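Next comes upload.csv, a file with CSV, C-alpha atoms.
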```
chain,number,residue,atom,x,y,z
A,1,MET,CA,98.7,98.5,98.3
A,2,LYS,CA,101.3,100.9,97.1
A,3,TYR,CA,102.9,103.8,99.0
A,4,LEU,CA,104.5,107.0,97.5
A,5,LEU,CA,106.1,106.7,94.1
A,6,ASN,CA,109.8,107.2,93.3
A,7,VAL,CA,111.0,107.3,96.9
A,8,THR,CA,112.6,104.0,97.5
A,9,SER,CA,116.3,103.9,98.0
A,10,LEU,CA,116.5,100.4,96.4
A,11,GLU,CA,119.4,100.0,94.0
A,12,PHE,CA,120.1,96.9,91.9
A,13,PHE,CA,123.3,96.2,90.1
A,14,SER,CA,122.5,93.7,87.4
A,15,GLU,CA,126.1,93.0,86.5
A,16,LYS,CA,126.7,91.5,89.9
A,17,CYS,CA,123.6,89.3,89.9
A,18,THR,CA,124.3,85.6,89.5
A,19,GLY,CA,120.7,84.6,89.3
A,20,CYS,CA,120.5,82.7,92.6
A,21,GLY,CA,117.0,83.9,93.2
A,22,ARG,CA,117.4,84.7,96.9
A,23,CYS,CA,115.9,88.2,96.4
A,24,VAL,CA,112.8,86.8,94.7
A,25,ASP,CA,112.5,84.3,97.6
A,26,VAL,CA,112.7,86.8,100.5
A,27,CYS,CA,110.8,89.9,99.1
A,28,PRO,CA,107.4,90.2,100.7
A,29,HIS,CA,106.1,92.4,97.9
A,30,SER,CA,107.3,90.7,94.8
A,31,VAL,CA,109.6,93.5,93.8
A,32,PHE,CA,111.9,91.1,91.9
A,33,VAL,CA,111.3,88.5,89.3
A,34,MET,CA,113.7,86.1,87.5
A,35,THR,CA,114.1,86.7,83.8
A,36,ASP,CA,116.8,84.9,81.7
A,37,LYS,CA,118.5,83.6,84.8
A,38,LYS,CA,118.9,87.0,86.3
A,39,ALA,CA,116.9,89.0,88.8
A,40,GLU,CA,115.0,92.0,87.6
A,41,ILE,CA,113.1,94.7,89.4
A,42,VAL,CA,109.5,94.7,88.2
A,43,ASP,CA,108.0,97.4,90.4
A,44,ARG,CA,110.3,99.4,92.6
A,45,ASP,CA,107.4,101.4,94.0
A,46,LEU,CA,106.3,98.3,95.9
A,47,CYS,CA,109.5,98.3,97.9
A,48,MET,CA,109.1,98.9,101.6
A,49,GLU,CA,112.8,99.0,102.3
A,50,CYS,CA,112.7,96.1,104.7
A,51,GLY,CA,116.3,95.1,103.6
A,52,ALA,CA,115.8,91.4,103.4
A,53,CYS,CA,117.0,91.2,99.8
A,54,ALA,CA,120.2,93.3,100.3
A,55,LEU,CA,121.1,91.4,103.5
A,56,ASN,CA,120.7,88.1,101.8
A,57,CYS,CA,122.3,88.9,98.4
A,58,GLU,CA,125.7,87.2,98.6
A,59,PHE,CA,127.1,89.1,95.7
A,60,GLY,CA,126.4,92.7,96.7
A,61,ALA,CA,124.0,93.2,93.8
A,62,ILE,CA,121.4,95.0,95.9
A,63,LYS,CA,121.6,98.1,98.1
A,64,VAL,CA,118.8,99.6,100.1
A,65,ALA,CA,118.7,102.0,103.1
A,66,SER,CA,116.5,99.9,105.3
A,67,GLY,CA,114.9,101.2,108.4
A,68,VAL,CA,111.8,101.7,110.4
A,69,GLY,CA,109.1,103.4,108.4
A,70,CYS,CA,107.2,104.7,111.4
A,71,ALA,CA,106.4,108.4,111.7
A,72,ALA,CA,106.8,108.5,115.5
A,73,ALA,CA,110.2,106.8,115.2
A,74,ILE,CA,111.5,109.2,112.6
A,75,ILE,CA,110.2,112.3,114.5
A,76,ASN,CA,112.0,110.9,117.6
A,77,SER,CA,115.2,110.5,115.7
A,78,MET,CA,114.9,114.0,114.3
A,79,ILE,CA,114.6,115.4,117.9
A,80,LYS,CA,117.1,113.1,119.6
A,81,GLY,CA,119.4,112.3,116.7
A,82,GLY,CA,120.4,108.8,115.7
A,83,GLU,CA,118.6,106.3,113.6
A,84,PRO,CA,114.8,105.8,113.9
A,85,SER,CA,114.0,102.8,116.1
A,86,CYS,CA,110.8,101.0,117.2
A,87,ASP,CA,111.6,101.6,120.9
A,88,CYS,CA,109.1,104.3,121.6
A,89,GLY,CA,110.0,105.5,125.1
A,90,GLY,CA,111.9,102.3,125.8
A,91,ILE,CA,108.8,100.2,126.3
A,92,THR,CA,109.0,97.0,124.3
A,93,ASN,CA,106.0,95.8,122.5
A,94,SER,CA,104.5,99.3,122.8
A,95,GLY,CA,102.3,100.8,120.1
A,96,CYS,CA,104.9,100.6,117.4
A,97,CYS,CA,105.3,96.9,116.7
B,1,MET,CA,102.2,91.1,131.2
B,2,HIS,CA,104.7,88.8,129.6
B,3,TYR,CA,103.9,87.1,126.4
B,4,SER,CA,107.1,85.2,126.5
B,5,VAL,CA,108.4,81.7,125.7
B,6,GLU,CA,111.7,80.3,127.0
B,7,PRO,CA,114.2,80.3,124.1
B,8,GLY,CA,115.5,76.9,123.1
B,9,LEU,CA,114.5,73.7,121.3
B,10,TYR,CA,111.0,72.3,121.5
B,11,SER,CA,109.5,69.2,119.9
B,12,ILE,CA,106.2,68.9,118.1
B,13,GLY,CA,104.8,65.3,117.9
B,14,LYS,CA,107.7,62.8,117.9
B,15,PRO,CA,110.5,64.3,115.9
B,16,ASP,CA,113.7,62.3,115.0
B,17,THR,CA,117.0,63.0,113.4
B,18,GLY,CA,115.4,63.5,110.0
B,19,SER,CA,112.7,65.9,111.1
B,20,ASP,CA,112.4,69.5,110.0
B,21,VAL,CA,113.5,72.4,112.2
B,22,PHE,CA,111.4,75.5,112.3
B,23,VAL,CA,112.8,78.7,113.8
B,24,THR,CA,110.6,81.3,115.5
B,25,ALA,CA,110.6,84.2,118.0
B,26,ASN,CA,110.0,83.9,121.7
B,27,TYR,CA,106.8,85.9,121.5
B,28,LYS,CA,104.1,83.6,122.8
B,29,LEU,CA,101.6,84.4,120.0
B,30,SER,CA,104.2,83.7,117.3
B,31,PHE,CA,105.1,80.4,119.0
B,32,ASP,CA,101.5,79.4,119.5
B,33,ILE,CA,100.5,80.1,115.9
B,34,LEU,CA,103.5,78.0,114.7
B,35,ARG,CA,102.7,75.2,117.1
B,36,LYS,CA,99.1,75.1,115.9
B,37,SER,CA,100.2,75.1,112.2
B,38,LEU,CA,102.5,72.2,112.9
B,39,LYS,CA,99.9,70.0,114.4
B,40,GLY,CA,100.0,66.5,113.0
B,41,LEU,CA,103.7,66.9,111.9
B,42,ASN,CA,106.7,65.7,113.7
B,43,ALA,CA,109.1,68.6,113.9
B,44,TRP,CA,111.6,70.6,116.0
B,45,VAL,CA,111.0,74.2,116.9
B,46,LEU,CA,114.0,76.4,117.7
B,47,VAL,CA,112.9,79.5,119.6
B,48,LEU,CA,115.2,82.5,119.5
B,49,ASP,CA,115.4,85.1,122.2
B,50,THR,CA,113.7,88.1,120.6
B,51,LYS,CA,112.7,89.8,123.9
B,52,SER,CA,109.2,88.5,123.3
B,53,ILE,CA,108.7,90.4,120.1
B,54,ASN,CA,107.3,88.9,116.9
B,55,VAL,CA,109.5,87.7,114.0
B,56,TRP,CA,109.2,90.6,111.6
B,57,CYS,CA,109.5,93.4,114.2
B,58,ALA,CA,112.3,91.5,115.9
B,59,ALA,CA,114.1,91.0,112.6
B,60,GLY,CA,113.9,94.8,112.0
B,61,LYS,CA,115.1,95.6,115.5
B,62,GLY,CA,118.0,93.1,115.2
B,63,THR,CA,117.0,90.6,117.8
B,64,PHE,CA,115.8,87.9,115.4
B,65,SER,CA,119.3,88.0,113.9
B,66,THR,CA,122.1,86.1,112.3
B,67,ASP,CA,124.1,86.2,115.6
B,68,GLU,CA,121.2,85.1,117.8
B,69,LEU,CA,120.4,82.2,115.4
B,70,ILE,CA,124.0,81.0,115.3
B,71,ARG,CA,124.2,81.3,119.1
B,72,ARG,CA,121.0,79.3,119.6
B,73,ILE,CA,122.0,76.6,117.1
B,74,ASN,CA,125.3,76.1,119.0
B,75,GLU,CA,123.6,76.2,122.4
B,76,VAL,CA,121.1,73.5,121.7
B,77,GLN,CA,123.8,71.6,119.7
B,78,LEU,CA,121.6,71.1,116.7
B,79,HIS,CA,124.1,69.1,114.8
B,80,LYS,CA,123.8,66.3,117.4
B,81,ILE,CA,120.0,66.3,117.2
B,82,ILE,CA,119.4,66.2,113.5
B,83,ASN,CA,121.3,64.5,110.7
B,84,HIS,CA,120.5,66.9,107.9
B,85,LYS,CA,121.4,70.5,107.3
B,86,ARG,CA,118.1,72.2,106.6
B,87,ILE,CA,116.6,74.8,109.0
B,88,ILE,CA,113.4,76.6,108.0
B,89,LEU,CA,112.9,80.2,109.0
B,90,PRO,CA,109.8,82.3,108.5
B,91,GLN,CA,110.4,84.4,105.3
B,92,LEU,CA,110.1,87.7,107.2
B,93,GLY,CA,113.0,86.6,109.3
B,94,ALA,CA,115.2,87.4,106.3
B,95,VAL,CA,115.1,91.0,107.3
B,96,GLY,CA,117.4,90.1,110.2
B,97,VAL,CA,119.1,86.9,109.2
B,98,ASN,CA,121.9,86.5,106.6
B,99,ALA,CA,121.5,82.9,105.4
B,100,ARG,CA,124.9,82.8,103.9
B,101,ALA,CA,126.6,83.8,107.2
B,102,VAL,CA,124.6,81.2,109.1
B,103,GLN,CA,125.7,78.5,106.7
B,104,LYS,CA,129.4,79.6,106.9
B,105,GLN,CA,129.5,79.5,110.7
B,106,THR,CA,127.2,76.6,111.5
B,107,GLY,CA,127.0,74.5,108.3
B,108,PHE,CA,123.2,74.7,108.4
B,109,ARG,CA,121.4,75.9,105.3
B,110,VAL,CA,118.7,78.4,106.0
B,111,HIS,CA,115.5,78.0,104.0
B,112,PHE,CA,113.1,80.9,104.1
B,113,GLY,CA,109.6,79.3,104.4
B,114,PRO,CA,106.2,80.8,103.9
B,115,VAL,CA,105.4,84.2,105.4
B,116,HIS,CA,102.5,82.7,107.3
B,117,ALA,CA,102.8,79.6,109.5
B,118,LYS,CA,99.4,78.3,108.3
B,119,ASP,CA,101.0,77.6,104.9
B,120,ILE,CA,103.7,75.3,106.4
B,121,PRO,CA,101.9,72.0,105.9
B,122,GLU,CA,101.4,72.7,102.2
B,123,TYR,CA,105.0,74.0,101.9
B,124,VAL,CA,106.3,70.8,103.4
B,125,ARG,CA,104.0,68.6,101.3
B,126,ALA,CA,105.3,70.4,98.2
B,127,GLY,CA,108.8,69.4,99.0
B,128,HIS,CA,109.7,72.6,100.8
B,129,LYS,CA,108.6,74.8,97.9
B,130,LYS,CA,106.7,78.1,98.3
B,131,THR,CA,104.0,79.3,96.0
B,132,ASP,CA,104.2,83.0,94.9
B,133,GLU,CA,101.2,83.5,97.1
B,134,MET,CA,103.0,82.3,100.2
B,135,ARG,CA,105.7,85.0,99.7
B,136,LEU,CA,103.4,87.9,99.8
B,137,VAL,CA,102.5,90.1,102.8
B,138,LYS,CA,99.0,91.5,102.6
B,139,PHE,CA,97.1,94.0,104.6
B,140,THR,CA,93.4,93.3,104.7
B,141,MET,CA,90.7,95.4,106.2
B,142,LEU,CA,90.5,93.0,109.2
B,143,ASP,CA,94.3,93.3,109.7
B,144,ARG,CA,93.9,97.1,109.7
B,145,LEU,CA,90.9,97.0,112.0
B,146,VAL,CA,92.6,95.0,114.7
B,147,LEU,CA,95.5,97.5,114.7
B,148,THR,CA,93.3,100.5,115.3
B,149,PRO,CA,93.4,100.2,119.1
B,150,MET,CA,97.2,100.7,118.8
B,151,GLU,CA,96.5,104.0,117.1
B,152,ILE,CA,93.5,105.1,119.3
B,153,ASN,CA,95.1,104.4,122.6
B,154,PRO,CA,98.3,106.6,122.3
B,155,ALA,CA,96.1,109.4,120.8
B,156,MET,CA,93.7,109.1,123.7
B,157,LYS,CA,96.6,109.3,126.2
B,158,LYS,CA,97.3,112.8,124.9
B,159,PHE,CA,93.6,113.8,124.9
B,160,PRO,CA,93.5,114.8,128.7
B,161,LEU,CA,96.3,117.3,128.2
B,162,PHE,CA,94.5,118.8,125.1
B,163,ALA,CA,91.2,118.9,127.1
B,164,LEU,CA,93.0,120.7,130.0
B,165,VAL,CA,94.4,123.4,127.7
B,166,VAL,CA,91.0,123.9,126.0
B,167,LEU,CA,89.1,124.1,129.3
B,168,LEU,CA,91.6,126.5,130.8
B,169,LEU,CA,91.5,128.7,127.7
B,170,PHE,CA,87.8,129.0,127.7
B,171,GLY,CA,87.3,129.1,131.5
B,172,LEU,CA,89.9,131.8,132.0
B,173,GLN,CA,88.1,135.1,132.6
B,174,PRO,CA,89.2,138.4,134.1
B,175,SER,CA,87.4,137.4,137.2
B,176,GLY,CA,89.1,134.0,137.5
B,177,ILE,CA,88.5,130.5,136.1
B,178,LEU,CA,84.8,130.0,135.5
B,179,PHE,CA,83.8,126.3,135.2
B,180,LYS,CA,80.5,127.1,133.3
B,181,ASP,CA,82.4,129.1,130.7
B,182,ALA,CA,85.1,126.4,130.5
B,183,TRP,CA,82.5,123.7,129.7
B,184,SER,CA,80.2,125.6,127.4
B,185,GLY,CA,83.0,127.2,125.4
B,186,GLY,CA,85.3,124.2,125.4
B,187,LEU,CA,82.8,121.5,124.6
B,188,PRO,CA,82.7,122.0,120.8
B,189,PHE,CA,86.5,121.8,120.8
B,190,LEU,CA,86.6,118.6,122.9
B,191,ILE,CA,84.1,117.0,120.5
B,192,LEU,CA,86.2,118.0,117.6
B,193,GLY,CA,89.3,116.6,119.3
B,194,LEU,CA,87.6,113.2,119.7
B,195,ALA,CA,86.4,113.4,116.1
B,196,GLY,CA,89.9,114.1,114.9
B,197,ILE,CA,91.2,111.1,116.8
B,198,PHE,CA,88.4,108.9,115.4
B,199,SER,CA,89.1,110.2,111.9
B,200,GLY,CA,92.9,109.7,112.0
B,201,ALA,CA,93.2,106.6,114.1
B,202,PHE,CA,90.1,104.7,112.9
B,203,ILE,CA,88.5,105.9,109.7
B,204,ALA,CA,91.8,106.5,107.8
B,205,PRO,CA,93.4,103.1,108.8
B,206,VAL,CA,90.3,101.0,108.2
B,207,PHE,CA,89.4,102.5,104.8
B,208,LEU,CA,93.0,103.1,103.8
B,209,PRO,CA,93.0,101.9,100.2
B,210,PHE,CA,89.6,103.5,99.5
B,211,ILE,CA,90.7,107.0,100.5
B,212,PRO,CA,92.4,109.0,97.7
B,213,PHE,CA,96.1,109.9,97.7
B,214,ARG,CA,99.1,107.7,98.5
B,215,SER,CA,100.3,110.0,101.2
B,216,PHE,CA,99.1,109.0,104.7
B,217,ALA,CA,99.1,112.7,105.8
B,218,LEU,CA,96.8,113.5,102.9
B,219,LYS,CA,94.6,110.5,103.6
B,220,GLY,CA,94.2,111.7,107.2
B,221,LEU,CA,93.6,115.2,106.1
B,222,ALA,CA,90.8,114.1,103.7
B,223,THR,CA,89.0,112.1,106.4
B,224,GLY,CA,89.6,114.9,108.9
B,225,ILE,CA,88.1,117.5,106.6
B,226,LEU,CA,85.0,115.3,106.0
B,227,VAL,CA,84.4,114.7,109.7
B,228,VAL,CA,85.1,118.3,110.8
B,229,PHE,CA,82.9,119.8,108.1
B,230,PHE,CA,80.1,117.3,108.9
B,231,LEU,CA,80.2,118.3,112.6
B,232,MET,CA,80.7,122.0,112.5
B,233,PRO,CA,77.1,123.0,111.7
B,234,PHE,CA,76.0,121.3,114.9
B,235,LEU,CA,78.6,123.0,117.1
B,236,GLY,CA,77.7,126.6,116.7
B,237,LEU,CA,81.2,127.9,116.3
B,238,THR,CA,81.6,131.2,114.5
B,239,GLY,CA,84.3,133.7,113.6
B,240,LEU,CA,87.8,133.2,114.9
B,241,GLN,CA,86.8,130.1,116.8
B,242,ALA,CA,85.4,128.5,113.6
B,243,ILE,CA,88.5,129.4,111.6
B,244,SER,CA,90.8,128.0,114.3
B,245,ALA,CA,88.8,124.7,114.4
B,246,TYR,CA,88.8,124.3,110.6
B,247,LEU,CA,92.5,124.9,110.6
B,248,PHE,CA,93.5,122.6,113.5
B,249,PHE,CA,91.4,119.5,113.5
B,250,PRO,CA,91.7,118.2,110.0
B,251,LEU,CA,95.5,118.5,110.4
B,252,ALA,CA,95.3,116.8,113.8
B,253,SER,CA,93.6,113.9,111.9
B,254,SER,CA,96.3,114.0,109.3
B,255,TYR,CA,99.1,113.8,112.0
B,256,ILE,CA,97.4,110.9,113.7
B,257,ALA,CA,96.8,109.0,110.4
B,258,LEU,CA,100.5,109.5,109.5
B,259,GLN,CA,101.4,107.6,112.7
B,260,PHE,CA,99.7,104.5,111.2
B,261,THR,CA,102.7,104.2,108.8
B,262,GLY,CA,104.4,102.5,111.8
B,263,SER,CA,101.9,99.6,111.7
B,264,THR,CA,101.5,99.0,108.0
B,265,THR,CA,103.1,96.3,105.9
B,266,PHE,CA,104.0,98.4,102.9
B,267,THR,CA,105.3,101.9,103.9
B,268,SER,CA,109.0,102.7,103.6
B,269,MET,CA,111.3,104.9,105.7
B,270,SER,CA,112.2,107.0,102.7
B,271,GLY,CA,108.5,107.6,102.0
B,272,VAL,CA,107.7,108.6,105.6
B,273,ARG,CA,110.7,110.9,105.7
B,274,LYS,CA,109.4,112.6,102.6
B,275,GLU,CA,106.0,113.0,104.0
B,276,LEU,CA,107.3,114.4,107.3
B,277,LYS,CA,109.5,117.0,105.6
B,278,VAL,CA,106.4,118.7,104.3
B,279,ALA,CA,103.9,117.8,106.9
B,280,LEU,CA,105.8,118.6,110.1
B,281,PRO,CA,106.2,122.3,109.3
B,282,VAL,CA,102.6,122.5,108.2
B,283,TYR,CA,101.4,120.9,111.5
B,284,LEU,CA,103.6,123.2,113.6
B,285,ILE,CA,102.6,126.4,111.8
B,286,SER,CA,98.9,125.7,111.7
B,287,THR,CA,98.8,124.7,115.4
B,288,ALA,CA,100.5,127.9,116.3
B,289,VAL,CA,98.2,130.0,114.0
B,290,SER,CA,95.0,128.3,115.4
B,291,ALA,CA,96.2,128.9,119.0
B,292,ILE,CA,96.9,132.6,118.2
B,293,LEU,CA,93.4,132.9,116.7
B,294,LEU,CA,91.9,131.6,119.9
B,295,ILE,CA,94.0,133.9,122.0
B,296,VAL,CA,92.9,136.9,119.8
B,297,TYR,CA,89.3,135.7,120.3
B,298,LYS,CA,89.8,135.7,124.1
B,299,LEU,CA,91.2,139.2,124.0
B,300,TYR,CA,88.2,140.4,122.1
B,301,GLN,CA,86.0,138.6,124.6
B,302,TRP,CA,87.8,140.5,127.4
B,303,GLU,CA,87.4,143.7,125.4
B,304,ILE,CA,91.2,144.2,125.5
B,305,LEU,CA,91.3,144.4,121.7
```

Same coordinates, now as structure tokens:
Amino acid sequence: MKYLLNVTSLEFFSEKCTGCGRCVDVCPHSVFVMTDKKAEIVDRDLCMECGACALNCEFGAIKVASGVGCAAAIINSMIKGGEPSCDCGGITNSGCC
Amino acid sequence: MHYSVEPGLYSIGKPDTGSDVFVTANYKLSFDILRKSLKGLNAWVLVLDTKSINVWCAAGKGTFSTDELIRRINEVQLHKIINHKRIILPQLGAVGVNARAVQKQTGFRVHFGPVHAKDIPEYVRAGHKKTDEMRLVKFTMLDRLVLTPMEINPAMKKFPLFALVVLLLFGLQPSGILFKDAWSGGLPFLILGLAGIFSGAFIAPVFLPFIPFRSFALKGLATGILVVFFLMPFLGLTGLQAISAYLFFPLASSYIALQFTGSTTFTSMSGVRKELKVALPVYLISTAVSAILLIVYKLYQWEIL
């Protein structure tokens, strides 16, 4: 399943890539593939901005603004300020996650 | 209710110094699924304190984290228990755990295993190798169906307030609040309210990929329009009341469907932000307009206008 096109904040800097393959390994939507011993983005519109690739890229070749893609969380953050978080009303394991 | 497991090191079968170590969250369901998948193997299970939240959500929240993993490795003195350096994390834990940082600080090499615990035996047999299939997160109709109560419940919690406003509006007469008028006038709106919840919190999530549009707001609007247009002929609403209903309820369905972005496995924050930028003003303005229409209707009814 694919969400909106051309919205992801995912950025890939090919010149920093050493071809370790970590991004391919951690991406749950197969956004990356290895070609000629370097990673390559095959379909950026599949990116859900979970941030696993950027956190685990040792060489700083990936940047993404990761965060909670939950409407309620984003509305809350618009009203109260700060970053969107899963904690709806401070109850853990509530509707959100 | 607490679905919690005490954080720490557990054994499955009869593990020794050469056995694999699997890391998980202290959410009881996550732990049980892992335990079941490891049946027949001899392995260690290292449970992190994620405040009883599953791995993926906890990784997003920062409790299934690099720091917590390092702390837990040190606390159980893992280096004294095993003689190798491999620890296996669920792949989705990569959202919160920086493998390189863990290795630097503890010496242990993090391997991101399959997304689903059920693939672990095959992954181990293959020499700790994942197939492409084991990396992917899916979102089947059954996955979506079991999530719908999480959408219906919060929406139903707001329903009594909505019902109160509707019944007050229709019951309020120059002579006081009349229960008969509240009920007969308000009933069509209460039915439409329930239909809007059903459309946004059930139909839209369950039939998600089959509904046109990528935007969840538009998906919910589409199912909302269908449901409301189907019901309207049976409800006998006319004039201002009908316009108000046509305006409000499909958009209520849209708003509720948009909430489902919080439960999916593929929507992004940038995408939801983009949707909200357009959708929120539309919701607010249309709610205000439909409320004004009903008030104008009441004023006509009272022969003030």

For chain B, list the residues within 7 Å of chain A, counting only C-alpha atoms, and write the list as a ChimeraX atom specification. /B:53,57,91,94-95,98-100,112,135-137,150,209,214-215,258-259,261-263,266-272

Atom CA of B:Leu89 to atom CA of A:Lys37, distance in Å rounded to a single decimal: 25.1 Å

Near B:His84, within 7 Å and counting all atoms listed in the file, which residues show up once chain neighbours fewer than 2 positions away are dropped, as a list in words? Gly18, Ile82 and Arg86 of chain B

Between atom CA of B:Val124 and atom CA of B:Lys61, what is the distance in Å, rounded to a tenth?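 About the pair atom CA of B:Val124 and atom CA of B:Lys61: they are 29.0 Å apart.
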
Name the residues in contact with B:Val166 at a cut-off of 9 Å, using only C-alpha atoms, excluding same-chain residues fewer than 2 positions from it; report them as a PDB file with C-alpha atoms, in the frame of the given file.
```pdb
ATOM      1  CA  LEU B 161      96.300 117.300 128.200  1.00  0.00           C
ATOM      2  CA  PHE B 162      94.500 118.800 125.100  1.00  0.00           C
ATOM      3  CA  ALA B 163      91.200 118.900 127.100  1.00  0.00           C
ATOM      4  CA  LEU B 164      93.000 120.700 130.000  1.00  0.00           C
ATOM      5  CA  LEU B 168      91.600 126.500 130.800  1.00  0.00           C
ATOM      6  CA  LEU B 169      91.500 128.700 127.700  1.00  0.00           C
ATOM      7  CA  PHE B 170      87.800 129.000 127.700  1.00  0.00           C
ATOM      8  CA  GLY B 171      87.300 129.100 131.500  1.00  0.00           C
ATOM      9  CA  ALA B 182      85.100 126.400 130.500  1.00  0.00           C
ATOM     10  CA  GLY B 185      83.000 127.200 125.400  1.00  0.00           C
ATOM     11  CA  GLY B 186      85.300 124.200 125.400  1.00  0.00           C
ATOM     12  CA  LEU B 187      82.800 121.500 124.600  1.00  0.00           C
ATOM     13  CA  PHE B 189      86.500 121.800 120.800  1.00  0.00           C
ATOM     14  CA  LEU B 190      86.600 118.600 122.900  1.00  0.00           C
TER      15      LEU B 190
END
```

With all atoms listed in the file counted, which protein, DNA or RNA residues have an atom no more than 12 Å from (108.9, 71.3, 100.6) in the file frame? Please answer as an MDAnalysis selection string. chainID B and resid 20 86:88 111:114 119:131

Please measure the separation of atom CA of B:Gly93 and atom CA of B:Val115, giving the value in Å to one decimal.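 Between these atoms lies a distance of 8.9 Å.
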
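Closest approach to B:Ile243 from the set B:Tyr297, B:Phe202, B:Phe230, B:Phe64 is made by B:Tyr297, with distances taken over only C-alpha atoms.
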